[in-house]
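**Q** Contents of work_9.txt (compact mmCIF, C-alpha atoms) are below:
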```txt
# COMPACT_ATOMS: atom_id res chain seq x y z
CA MET X 876 -11.82 -31.01 22.91
CA VAL X 877 -9.15 -28.55 21.75
CA PRO X 878 -9.79 -27.52 18.14
CA PRO X 879 -6.92 -27.95 15.71
CA PRO X 880 -4.89 -24.79 15.03
CA SER X 881 -6.39 -22.72 12.23
CA GLN X 882 -3.11 -21.42 10.90
CA SER X 883 -1.20 -22.87 7.99
CA TYR X 884 2.22 -22.19 6.55
CA GLY X 885 3.21 -21.11 3.09
CA CYS X 886 6.45 -20.13 1.40
CA TYR X 887 7.13 -18.35 -1.86
CA ALA X 888 9.88 -17.16 -4.18
CA GLY X 889 9.91 -14.95 -7.22
CA VAL X 890 11.40 -12.16 -9.26
CA LEU X 891 11.31 -8.50 -8.39
CA GLY X 892 11.78 -5.28 -10.35
CA GLU X 893 11.85 -1.75 -8.98
CA VAL X 894 11.97 1.87 -10.11
CA VAL X 895 14.00 4.01 -7.72
CA VAL X 896 13.74 7.74 -7.04
CA SER X 897 16.55 8.69 -4.69
CA HIS X 898 17.08 11.93 -2.83
CA PRO X 899 20.45 11.65 -1.11
CA SER X 900 20.75 14.33 1.54
CA PHE X 901 24.09 15.82 2.53
CA ASN X 902 25.29 17.59 5.64
CA ASN X 903 28.27 19.98 5.59
CA VAL X 904 28.29 20.02 1.79
CA PRO X 905 29.44 22.07 -0.12
CA VAL X 906 30.56 24.09 2.91
CA ALA X 907 30.61 23.28 6.62
CA GLY X 908 27.13 23.60 8.15
CA ALA X 909 25.21 23.55 4.88
CA TYR X 910 22.46 21.11 3.93
CA MET X 911 21.76 19.98 0.39
CA GLU X 912 20.00 17.23 -1.54
CA ASP X 913 20.78 15.40 -4.72
CA TYR X 914 18.52 13.50 -7.11
CA ALA X 915 18.94 10.13 -8.76
CA LEU X 916 16.64 7.97 -10.86
CA GLY X 917 17.23 4.36 -11.75
CA GLY X 918 16.06 0.79 -11.64
CA ARG X 919 17.06 -2.57 -10.23
CA GLY X 920 15.96 -6.17 -10.52
CA GLY X 921 16.43 -9.29 -8.48
CA GLY X 922 14.72 -11.88 -6.34
CA ILE X 923 12.35 -12.21 -3.44
CA GLY X 924 11.57 -15.11 -1.12
CA GLY X 925 9.83 -15.66 2.16
CA CYS X 926 7.40 -17.62 4.30
CA ASP X 927 4.10 -16.70 5.91
CA ILE X 928 1.99 -18.07 8.72
CA ILE X 929 -1.57 -17.73 7.47
CA PHE X 930 -4.30 -17.02 9.99
CA ALA X 931 -7.20 -16.39 7.64
CA PRO X 932 -7.98 -13.61 6.93
CA SER X 933 -4.54 -12.32 7.90
CA TYR X 934 -0.98 -13.53 7.52
CA PHE X 935 2.36 -12.79 9.09
CA GLY X 936 5.79 -13.68 7.78
CA VAL X 937 9.35 -12.82 6.97
CA GLU X 938 10.91 -12.23 3.58
CA VAL X 939 14.20 -11.33 1.93
CA THR X 940 14.81 -9.22 -1.16
CA ALA X 941 18.00 -8.64 -3.13
CA VAL X 942 18.23 -6.38 -6.19
CA TYR X 943 20.96 -5.20 -8.53
CA GLY X 944 21.00 -2.38 -11.06
CA LYS X 945 21.86 1.27 -11.35
CA VAL X 946 20.64 4.29 -9.36
CA GLN X 947 23.08 7.00 -10.25
CA GLY X 948 22.89 10.69 -9.46
CA ASN X 949 25.04 13.71 -10.12
CA SER X 950 25.18 17.07 -8.39
CA SER X 951 27.29 20.12 -8.93
CA ILE X 952 27.51 23.62 -7.51
CA PRO X 953 30.00 25.39 -9.79
CA THR X 954 30.30 28.49 -7.62
CA PHE X 955 31.70 26.29 -4.85
CA GLY X 956 33.77 24.07 -7.17
CA PHE X 957 31.70 21.09 -6.12
CA ALA X 958 30.74 18.09 -8.27
CA PHE X 959 29.78 14.66 -7.01
CA THR X 960 28.47 11.34 -8.37
CA GLN X 961 26.92 8.49 -6.40
CA ASN X 962 25.41 5.11 -7.30
CA VAL X 963 23.67 2.41 -5.26
CA PRO X 964 23.80 -0.64 -7.56
CA PHE X 965 22.94 -3.28 -4.92
CA GLU X 966 20.46 -3.39 -2.12
CA SER X 967 19.03 -6.12 0.08
CA ALA X 968 16.48 -6.18 2.87
CA ILE X 969 15.06 -8.63 5.40
CA ARG X 970 11.58 -7.65 6.51
CA LEU X 971 8.66 -8.74 8.61
CA ARG X 972 5.38 -8.66 6.71
CA TYR X 973 1.79 -8.49 7.94
CA GLY X 974 -1.07 -8.83 5.51
CA TYR X 975 -4.84 -8.87 5.46
CA MET X 976 -6.82 -10.79 2.85
CA LEU X 977 -9.65 -8.76 1.36
CA ASP X 978 -10.95 -11.88 -0.35
CA GLN X 979 -9.47 -15.12 -1.67
CA GLN X 980 -7.39 -13.26 -4.27
CA PHE X 981 -6.63 -9.75 -3.03
CA SER X 982 -4.64 -8.85 0.05
CA VAL X 983 -2.92 -5.74 1.37
CA TYR X 984 0.19 -5.74 3.53
CA VAL X 985 2.75 -3.68 5.38
CA ALA X 986 6.38 -4.67 5.75
CA GLY X 987 9.45 -3.36 7.48
CA GLY X 988 12.94 -4.39 8.43
CA ALA X 989 16.64 -3.91 7.96
CA SER X 990 18.28 -3.04 4.67
CA VAL X 991 21.80 -2.81 3.36
CA GLY X 992 22.98 -1.07 0.21
CA TYR X 993 26.31 -0.89 -1.57
CA MET X 994 27.09 2.71 -2.50
CA THR X 995 29.86 4.03 -4.69
CA THR X 996 30.81 7.73 -4.85
CA LYS X 997 33.28 9.88 -6.76
CA ASP X 998 33.96 13.60 -6.41
CA ILE X 999 35.45 16.20 -8.75
CA ALA X 1000 38.98 15.38 -7.59
CA GLY X 1001 38.53 11.66 -8.24
CA VAL X 1002 38.23 10.69 -4.57
CA THR X 1003 36.02 7.60 -4.18
CA ASP X 1004 34.15 5.97 -1.34
CA ASN X 1005 32.73 2.46 -1.86
CA SER X 1006 31.00 0.87 1.12
CA TYR X 1007 27.98 -1.03 2.46
CA ARG X 1008 25.53 1.14 4.36
CA TRP X 1009 22.95 -0.33 6.71
CA GLY X 1010 19.56 1.23 7.15
CA ALA X 1011 15.88 0.40 7.33
CA GLN X 1012 13.05 -0.15 4.91
CA VAL X 1013 9.26 0.08 5.21
CA GLY X 1014 6.77 -0.84 2.52
CA VAL X 1015 3.03 -1.10 1.80
CA GLY X 1016 1.63 -3.19 -1.00
CA VAL X 1017 -1.11 -5.18 -2.66
CA GLU X 1018 -0.90 -8.83 -3.65
CA TYR X 1019 -3.19 -10.51 -6.17
CA ARG X 1020 -3.33 -14.30 -6.46
CA VAL X 1021 -3.67 -14.87 -10.17
CA THR X 1022 -3.96 -18.60 -9.40
CA PRO X 1023 -3.66 -20.45 -6.09
CA ASP X 1024 0.06 -20.88 -6.81
CA TRP X 1025 1.00 -17.64 -8.55
CA GLY X 1026 0.82 -14.13 -7.16
CA LEU X 1027 1.42 -10.65 -8.48
CA ARG X 1028 2.60 -8.07 -6.02
CA THR X 1029 3.07 -4.31 -6.24
CA GLU X 1030 4.35 -2.13 -3.46
CA TYR X 1031 5.80 1.20 -2.47
CA ALA X 1032 8.84 1.09 -0.18
CA TYR X 1033 11.02 3.70 1.45
CA THR X 1034 14.62 3.04 2.39
CA TRP X 1035 16.58 5.35 4.61
CA PRO X 1036 20.20 4.68 5.47
CA PRO X 1037 21.14 7.02 8.32
CA MET X 1038 23.55 9.90 7.87
CA ALA X 1039 27.12 8.60 7.67
CA SER X 1040 30.43 10.12 6.71
CA VAL X 1041 31.53 10.11 3.09
CA ASN X 1042 34.92 10.92 1.55
CA ILE X 1043 34.74 14.21 -0.35
CA SER X 1044 37.96 16.09 -0.92
CA GLY X 1045 38.18 19.31 1.10
CA LEU X 1046 35.08 18.46 3.18
CA PRO X 1047 36.22 16.39 6.16
CA GLN X 1048 32.81 16.65 7.87
CA ALA X 1049 30.77 15.64 4.82
CA ARG X 1050 27.94 13.22 5.53
CA ILE X 1051 25.37 11.55 3.28
CA SER X 1052 22.06 9.67 3.63
CA PRO X 1053 21.02 8.13 0.29
CA THR X 1054 17.27 7.76 0.95
CA GLU X 1055 15.18 6.03 -1.72
CA HIS X 1056 11.57 5.79 -2.82
CA LEU X 1057 10.89 2.44 -4.50
CA VAL X 1058 7.97 1.37 -6.69
CA ARG X 1059 8.14 -2.41 -7.00
CA LEU X 1060 6.51 -5.18 -8.98
CA ALA X 1061 7.05 -8.86 -8.20
CA ILE X 1062 5.83 -12.19 -9.55
CA VAL X 1063 5.93 -14.90 -6.91
CA ARG X 1064 5.30 -18.66 -6.94
CA HIS X 1065 3.78 -20.09 -3.76
CA PHE X 1066 4.89 -23.57 -2.79
CA MET F 734 -23.82 -32.51 2.49
CA ILE F 735 -26.99 -34.52 2.07
CA ASP F 736 -28.24 -36.60 5.02
CA THR F 737 -29.95 -39.78 3.80
CA ARG F 738 -30.41 -41.48 7.15
CA PRO F 739 -34.05 -40.46 7.85
CA MET F 740 -35.16 -41.88 4.51
CA GLN F 741 -33.53 -45.25 5.18
CA ASP F 742 -35.12 -45.44 8.63
CA THR F 743 -38.55 -44.71 7.20
CA ASN F 744 -38.27 -47.39 4.56
CA GLN F 745 -36.91 -50.01 6.94
CA THR F 746 -39.58 -49.36 9.60
CA SER F 747 -42.32 -49.58 7.02
CA LEU F 748 -40.88 -52.83 5.78
CA CYS F 749 -40.77 -54.29 9.31
CA ASP F 750 -44.38 -53.19 9.80
CA ARG F 751 -45.35 -54.98 6.60
CA LEU F 752 -43.58 -58.12 7.85
CA HIS F 753 -46.17 -58.05 10.71
CA VAL F 754 -43.66 -57.49 13.51
CA GLY F 755 -46.14 -56.66 16.23
CA THR F 756 -44.54 -54.83 19.17
CA ILE F 757 -42.44 -51.68 19.33
CA GLY F 758 -39.47 -53.60 20.75
CA ALA F 759 -39.66 -56.19 18.03
CA THR F 760 -39.84 -53.44 15.41
CA ALA F 761 -36.67 -51.86 16.79
CA MET F 762 -34.96 -55.24 16.81
CA CYS F 763 -35.99 -55.75 13.22
CA VAL F 764 -34.49 -52.40 12.22
CA LEU F 765 -31.21 -53.16 13.99
CA VAL F 766 -30.97 -56.57 12.42
CA CYS F 767 -31.74 -55.20 8.97
CA ARG F 768 -29.07 -52.52 9.33
CA GLY F 769 -26.47 -55.00 10.45
CA ALA F 770 -26.93 -57.94 8.11
CA LEU F 771 -26.01 -57.98 4.45
CA LEU F 772 -28.38 -60.90 3.96
CA CYS F 773 -31.27 -58.85 5.17
CA ALA F 774 -30.20 -56.04 2.80
CA ALA F 775 -30.37 -58.50 -0.05
CA LEU F 776 -33.84 -59.49 1.13
CA LEU F 777 -35.01 -55.91 1.42
CA VAL F 778 -34.34 -55.07 -2.20
CA PRO F 779 -36.81 -57.49 -3.83
CA LEU F 780 -39.41 -56.95 -1.16
CA THR F 781 -39.17 -53.24 -1.48
CA THR F 782 -39.32 -53.47 -5.25
CA ALA F 783 -42.23 -55.83 -5.20
CA GLU F 784 -44.28 -53.71 -2.88
CA ALA F 785 -43.16 -50.38 -4.30
CA ALA F 786 -46.63 -49.64 -5.54
CA ASP F 787 -48.01 -49.89 -2.01
CA LEU F 788 -45.25 -47.87 -0.27
CA PRO F 789 -45.60 -44.14 0.25
CA ALA F 790 -43.55 -42.11 -2.23
CA PRO F 791 -40.09 -41.28 -0.88
CA PRO F 792 -39.35 -37.65 -0.27
CA ALA F 793 -37.83 -35.77 -3.18
CA PHE F 794 -34.13 -36.41 -3.24
CA PRO F 795 -32.12 -33.30 -4.07
CA ALA F 796 -29.95 -33.71 -7.12
CA GLN F 797 -26.22 -33.81 -6.51
CA VAL F 798 -24.98 -30.24 -7.02
CA PRO F 799 -21.52 -30.05 -8.55
CA ALA F 800 -18.95 -28.06 -6.59
CA VAL F 801 -18.86 -24.53 -8.01
CA VAL F 802 -16.35 -21.90 -7.00
CA PRO F 803 -18.35 -18.90 -5.83
CA PRO F 804 -17.77 -15.75 -7.83
CA PRO F 805 -15.59 -13.08 -6.21
CA SER F 806 -17.58 -10.95 -3.82
CA ARG F 807 -15.87 -7.74 -4.90
CA GLN F 808 -17.34 -5.16 -7.23
CA LEU F 809 -15.90 -2.15 -9.03
CA GLU F 810 -17.20 1.33 -8.26
CA CYS F 811 -16.04 4.55 -9.88
CA TYR F 812 -16.85 8.09 -8.84
CA ALA F 813 -16.15 11.76 -9.49
CA GLY F 814 -16.84 14.93 -7.57
CA VAL F 815 -15.75 18.32 -6.40
CA ILE F 816 -13.29 19.04 -3.62
CA GLY F 817 -12.39 22.08 -1.55
CA GLU F 818 -9.48 22.44 0.85
CA ALA F 819 -8.15 24.80 3.46
CA VAL F 820 -4.36 24.89 3.40
CA ILE F 821 -1.95 25.64 6.18
CA SER F 822 1.47 25.78 4.60
CA ASN F 823 4.75 25.78 6.48
CA PRO F 824 7.45 26.57 3.92
CA HIS F 825 10.75 25.41 5.34
CA PHE F 826 13.96 27.12 4.20
CA ASP F 827 17.41 25.53 4.48
CA ASN F 828 20.69 27.47 4.41
CA VAL F 829 18.77 30.71 4.85
CA PRO F 830 20.15 33.25 5.54
CA THR F 831 23.50 31.45 6.06
CA PRO F 832 24.70 27.86 5.38
CA GLY F 833 23.29 25.56 8.04
CA ALA F 834 20.57 27.94 9.22
CA THR F 835 16.87 27.13 8.84
CA LEU F 836 13.82 29.34 8.57
CA ASP F 837 10.16 28.35 8.93
CA SER F 838 7.11 30.37 8.08
CA THR F 839 3.34 29.92 7.95
CA SER F 840 0.65 30.79 5.45
CA VAL F 841 -3.06 30.05 5.12
CA GLY F 842 -4.97 29.66 1.89
CA GLY F 843 -7.54 27.64 0.02
CA ARG F 844 -8.01 25.76 -3.21
CA GLY F 845 -10.80 23.98 -5.04
CA GLY F 846 -11.01 21.41 -7.80
CA GLY F 847 -12.00 17.88 -8.64
CA VAL F 848 -11.58 14.33 -7.44
CA GLY F 849 -12.16 11.08 -9.25
CA GLY F 850 -11.30 7.45 -8.81
CA CYS F 851 -12.30 3.82 -8.70
CA ASP F 852 -12.54 1.30 -5.87
CA LEU F 853 -12.66 -2.46 -5.65
CA VAL F 854 -15.29 -2.94 -2.96
CA PHE F 855 -15.04 -6.07 -0.83
CA ALA F 856 -17.24 -7.27 2.03
CA HIS F 857 -16.07 -4.72 4.62
CA THR F 858 -13.16 -3.04 2.90
CA TYR F 859 -12.29 -1.29 -0.31
CA LEU F 860 -9.09 -0.68 -2.23
CA GLY F 861 -8.74 1.82 -5.02
CA MET F 862 -7.02 4.77 -6.58
CA ASP F 863 -8.06 8.37 -6.75
CA ALA F 864 -6.74 11.50 -8.41
CA THR F 865 -7.18 15.06 -7.20
CA ALA F 866 -6.40 18.39 -8.84
CA VAL F 867 -6.95 21.74 -7.09
CA TYR F 868 -6.30 25.38 -7.90
CA GLY F 869 -6.30 28.37 -5.58
CA TRP F 870 -4.05 30.51 -3.46
CA THR F 871 -1.62 29.77 -0.61
CA ARG F 872 0.64 32.78 -0.51
CA ASN F 873 3.29 33.47 2.09
CA THR F 874 5.67 36.42 2.43
CA ASN F 875 8.77 36.50 4.65
CA ILE F 876 11.43 39.06 5.38
CA ILE F 877 14.80 37.30 5.03
CA PRO F 878 17.13 38.12 7.92
CA ILE F 879 20.47 39.78 7.14
CA THR F 880 19.59 40.55 3.50
CA GLY F 881 16.34 42.29 4.48
CA HIS F 882 14.62 41.25 1.23
CA SER F 883 10.99 40.18 1.25
CA PHE F 884 10.41 36.72 -0.23
CA THR F 885 7.04 35.36 -1.41
CA VAL F 886 6.05 31.72 -1.97
CA ASN F 887 2.78 30.59 -3.58
CA THR F 888 1.57 27.11 -4.61
CA PRO F 889 -1.58 27.80 -6.63
CA PHE F 890 -1.91 24.33 -8.19
CA GLU F 891 -1.50 20.86 -6.79
CA ALA F 892 -2.44 17.37 -7.98
CA ALA F 893 -2.02 13.92 -6.48
CA LEU F 894 -2.50 10.30 -7.52
CA ARG F 895 -3.11 8.08 -4.53
CA VAL F 896 -3.82 4.52 -3.51
CA ARG F 897 -6.75 4.39 -1.06
CA PHE F 898 -7.71 1.67 1.40
CA GLY F 899 -10.88 1.87 3.43
CA TYR F 900 -12.88 0.00 6.04
CA MET F 901 -16.69 0.16 6.13
CA PHE F 902 -18.29 0.39 9.55
CA ASP F 903 -21.70 -0.08 7.95
CA PRO F 904 -23.18 0.49 4.47
CA GLN F 905 -22.91 4.26 4.98
CA PHE F 906 -19.86 5.10 7.09
CA SER F 907 -16.28 4.23 6.25
CA VAL F 908 -12.79 5.39 7.16
CA TYR F 909 -9.78 5.31 4.88
CA VAL F 910 -6.11 6.03 4.47
CA ALA F 911 -4.53 7.16 1.21
CA GLY F 912 -1.09 7.94 -0.11
CA GLY F 913 0.81 8.56 -3.30
CA PRO F 914 2.85 10.98 -5.34
CA SER F 915 1.89 14.62 -5.64
CA VAL F 916 3.00 17.51 -7.81
CA GLY F 917 2.66 21.20 -7.04
CA TYR F 918 3.30 24.29 -9.09
CA THR F 919 5.24 26.70 -6.90
CA THR F 920 6.19 30.27 -7.63
CA THR F 921 8.69 32.36 -5.66
CA SER F 922 9.64 35.99 -5.98
CA GLU F 923 11.65 38.45 -3.95
CA SER F 924 11.96 42.19 -3.68
CA ALA F 925 15.50 42.04 -5.12
CA GLY F 926 14.13 40.65 -8.36
CA LEU F 927 14.94 36.92 -8.45
CA SER F 928 12.07 34.51 -9.08
CA ASP F 929 11.51 30.79 -9.60
CA VAL F 930 8.55 28.92 -11.04
CA GLY F 931 8.25 25.20 -11.52
CA PHE F 932 6.61 21.90 -10.70
CA ASN F 933 7.83 20.11 -7.57
CA TRP F 934 7.18 16.43 -7.11
CA GLY F 935 6.58 15.02 -3.68
CA GLY F 936 4.29 12.76 -1.69
CA GLN F 937 0.93 12.99 0.02
CA LEU F 938 -0.57 11.00 2.91
CA ALA F 939 -4.17 11.28 4.07
CA ALA F 940 -6.77 9.86 6.44
CA GLY F 941 -10.47 10.51 6.13
CA ILE F 942 -14.11 9.61 6.67
CA GLU F 943 -16.69 8.96 3.99
CA TYR F 944 -20.47 9.02 4.45
CA ARG F 945 -22.86 7.70 1.81
CA PHE F 946 -26.06 9.63 2.30
CA THR F 947 -27.64 7.89 -0.68
CA PRO F 948 -26.43 4.83 -2.61
CA ASP F 949 -25.01 7.16 -5.30
CA TRP F 950 -23.94 10.24 -3.38
CA ARG F 951 -21.34 10.54 -0.68
CA ILE F 952 -19.50 13.21 1.27
CA ARG F 953 -15.89 12.85 2.24
CA THR F 954 -13.73 14.78 4.68
CA GLU F 955 -10.03 14.20 5.20
CA TYR F 956 -6.77 15.49 6.53
CA ALA F 957 -3.81 15.31 4.15
CA PHE F 958 -0.15 16.14 4.47
CA THR F 959 1.92 17.05 1.43
CA TRP F 960 5.68 17.27 1.41
CA PRO F 961 7.26 18.30 -1.89
CA GLY F 962 10.81 17.84 -0.70
CA SER F 963 13.64 20.33 -0.61
CA ASP F 964 14.61 22.14 -3.82
CA SER F 965 17.14 24.85 -4.49
CA ILE F 966 15.72 28.33 -5.12
CA GLY F 967 17.09 31.63 -6.27
CA MET F 968 17.56 34.09 -3.42
CA THR F 969 19.78 37.13 -3.69
CA GLY F 970 22.78 36.91 -1.37
CA VAL F 971 21.91 33.33 -0.29
CA PRO F 972 23.56 31.03 -2.85
CA LEU F 973 22.64 27.71 -1.17
CA ALA F 974 19.01 28.56 -0.35
CA ARG F 975 16.56 25.65 -0.45
CA LEU F 976 12.79 25.52 0.01
CA ASN F 977 10.43 22.74 1.11
CA PRO F 978 6.83 24.07 1.01
CA ILE F 979 5.08 21.40 3.11
CA GLU F 980 1.30 21.67 3.54
CA HIS F 981 -1.44 20.55 5.91
CA LEU F 982 -4.78 20.20 4.13
CA ALA F 983 -8.34 19.96 5.54
CA ARG F 984 -10.55 18.75 2.72
CA VAL F 985 -14.25 18.25 1.99
CA ALA F 986 -15.51 16.54 -1.16
CA ILE F 987 -18.96 15.74 -2.58
CA ILE F 988 -18.88 12.74 -4.85
CA ARG F 989 -21.26 10.91 -7.17
CA ARG F 990 -20.89 7.26 -7.97
CA PHE F 991 -21.46 6.24 -11.58
```
Take the structure from the file and write it as structure tokens.
**A**
Amino acid sequence: MVPPPSQSYGCYAGVLGEVVVSHPSFNNVPVAGAYMEDYALGGRGGGIGGCDIIFAPSYFGVEVTAVYGKVQGNSSIPTFGFAFTQNVPFESAIRLRYGYMLDQQFSVYVAGGASVGYMTTKDIAGVTDNSYRWGAQVGVGVEYRVTPDWGLRTEYAYTWPPMASVNISGLPQARISPTEHLVRLAIVRHF
Amino acid sequence: MIDTRPMQDTNQTSLCDRLHVGTIGATAMCVLVCRGALLCAALLVPLTTAEAADLPAPPAFPAQVPAVVPPPSRQLECYAGVIGEAVISNPHFDNVPTPGATLDSTSVGGRGGGVGGCDLVFAHTYLGMDATAVYGWTRNTNIIPITGHSFTVNTPFEAALRVRFGYMFDPQFSVYVAGGPSVGYTTTSESAGLSDVGFNWGGQLAAGIEYRFTPDWRIRTEYAFTWPGSDSIGMTGVPLARLNPIEHLARVAIIRRF
């Protein structure tokens, strides 16, 4: 007799907040051939939702996050007449997630997938560049089931949009990669 | 689950015996009939009650145990100890000596300090946080091309706060991975006179083995990689110079649980 499948399905949705430390890296800025990095600190909030297939003691699923806020950074090199501001107010990701349950309440997981962020820039001459930039995101986290229906999740995630051109006056070869380190906290309701 | 069938069989067979059913086949027939007929069940009750004094005492019937959620199997363990590390540092320079150029160097050093943390210990795994702080010497001197100046980098102090996840092979041996933010105090100086000192934040990743040679004492060895990230530095004649003093660490720690 074939035993019934041991897996079950579960979905969830919740709210998400994140602290962002960003280190945008630049190529060919402030002069052709040079490499430099910027620094930005900010925060965003939004939502999270997903579904898991649960094979006790592990689970596998897909989830979506979308956050909005402010992650603004400024850099300037006066000797080169360079000043630049960037912000990534919106970011979203769709990720696969694999977790392992340490007991009935605690689990650890890894996640990874595609991300997209909306970045705005402005240089010293007032030239702007507003665009969506696709990249990737990986994360590791811990989830604690406060009750069978409610969970608390904390994770670290890293987002890296690849190097892409950016409009900076006088620097036609300028490129930027606004990488981010994220520390996240989410409250999710399982249904 | 409590199985009551043997007790019923015993009572019914005894009752059939007391009704003077002679043969084994007739006894079996009696049992089947008694099981199947409600009328017989009604008959059994008064007979059984009436002859209760003569019947052997029924086996003790376990009381119904209410469903209780078992307590979590995890327990909290905290520890503290001493740590020593050998450091191979590969300071990486960007835009040195000209924009777009890179320069790598190598230095070897050592540091010592303390480690402390707490774990939630599950059946075969544990999850926790630890903090390390070490002080020592990892000095590196380079001659910068073109300018000809000598440039020295040292990171005497480093600390990290990490999340740690481990898997226990048995009660003594376990392996783990750890990661989290780190901060190092880096000093630079050059023969032309410029210098920089400051704390650089970065990240640290590690993998290690832990052996508990007594229930309270353990020894831990790990490899860790620290990358502080690229920061601008003062270097005469190199206005866009940047430094990323990454490190490879081989660590040993002796730890006491409390």
**Q** Using only C-alpha atoms, find which residues of chain X lie within 8 Å of chain F and jot them down as a compact mmCIF listing (two decimals) with C-alpha atoms, in the coordinates of the input.
**A**
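Result written to out_27.txt:
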```
# COMPACT_ATOMS: atom_id res chain seq x y z
CA ASN X 903 28.27 19.98 5.59
CA VAL X 906 30.56 24.09 2.91
CA ALA X 907 30.61 23.28 6.62
CA GLY X 908 27.13 23.60 8.15
CA ALA X 909 25.21 23.55 4.88
CA TYR X 910 22.46 21.11 3.93
CA MET X 911 21.76 19.98 0.39
CA GLU X 912 20.00 17.23 -1.54
CA LEU X 977 -9.65 -8.76 1.36
CA ASP X 978 -10.95 -11.88 -0.35
CA GLN X 979 -9.47 -15.12 -1.67
```
**Q** Just how far from atom CA of Gly881 of chain F is atom CA of Thr969 of chain F, in Å to one decimal?
**A** 10.3 Å
**Q** Excluding Thr960 of chain X and residues on its chain fewer than 5 positions from it, collect all residues at most 8 Å away from it, counting all atoms listed in the file, and give them as a ChimeraX atom specification.
**A** /X:947-950,996-998
**Q** Write the residues of the selection above to a file with C-alpha atoms, as a PDB file, keeping the file's coordinate frame.
**A**
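Saved file result.pdb follows:
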```pdb
ATOM      1  CA  GLN X 947      23.080   7.000 -10.250  1.00  0.00           C
ATOM      2  CA  GLY X 948      22.890  10.690  -9.460  1.00  0.00           C
ATOM      3  CA  ASN X 949      25.040  13.710 -10.120  1.00  0.00           C
ATOM      4  CA  SER X 950      25.180  17.070  -8.390  1.00  0.00           C
ATOM      5  CA  THR X 996      30.810   7.730  -4.850  1.00  0.00           C
ATOM      6  CA  LYS X 997      33.280   9.880  -6.760  1.00  0.00           C
ATOM      7  CA  ASP X 998      33.960  13.600  -6.410  1.00  0.00           C
TER       8      ASP X 998
END
```
**Q** At what distance in Å, to one decimal, does atom CA of Lys945 of chain X lie from atom CA of Thr1054 of chain X?
**A**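 Rounded to one decimal, the two atoms are 14.6 Å apart.
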**Q** Report, in Å with one decimal, the straight-line distance from atom CA of Gly926 of chain F to atom CA of Val867 of chain F.
**A** 28.3 Å
**Q** Neighbours of segment 1041-1051 of chain X within 6 Å (all atoms listed in the file; same-chain residues fewer than 3 positions away dropped), as a list in words?
**A**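 My reading of the contact set: Ser900, Phe901, Asn902, Asn903, Val904, Asp1004 and Met1038 of chain X.
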**Q** Which polymer residues have any atom within 6 Å of an atom of segment 883-888 of chain F, counting only C-alpha atoms, with same-chain residues fewer than 2 positions away left out, as a list in words?
**A**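 Result of the neighbour search: Thr871, Arg872, Asn873, Thr874, Asn875, Ile876, Phe890, Tyr918, Thr919, Thr920, Thr921, Ser922, Glu923 and Ser924 of chain F.
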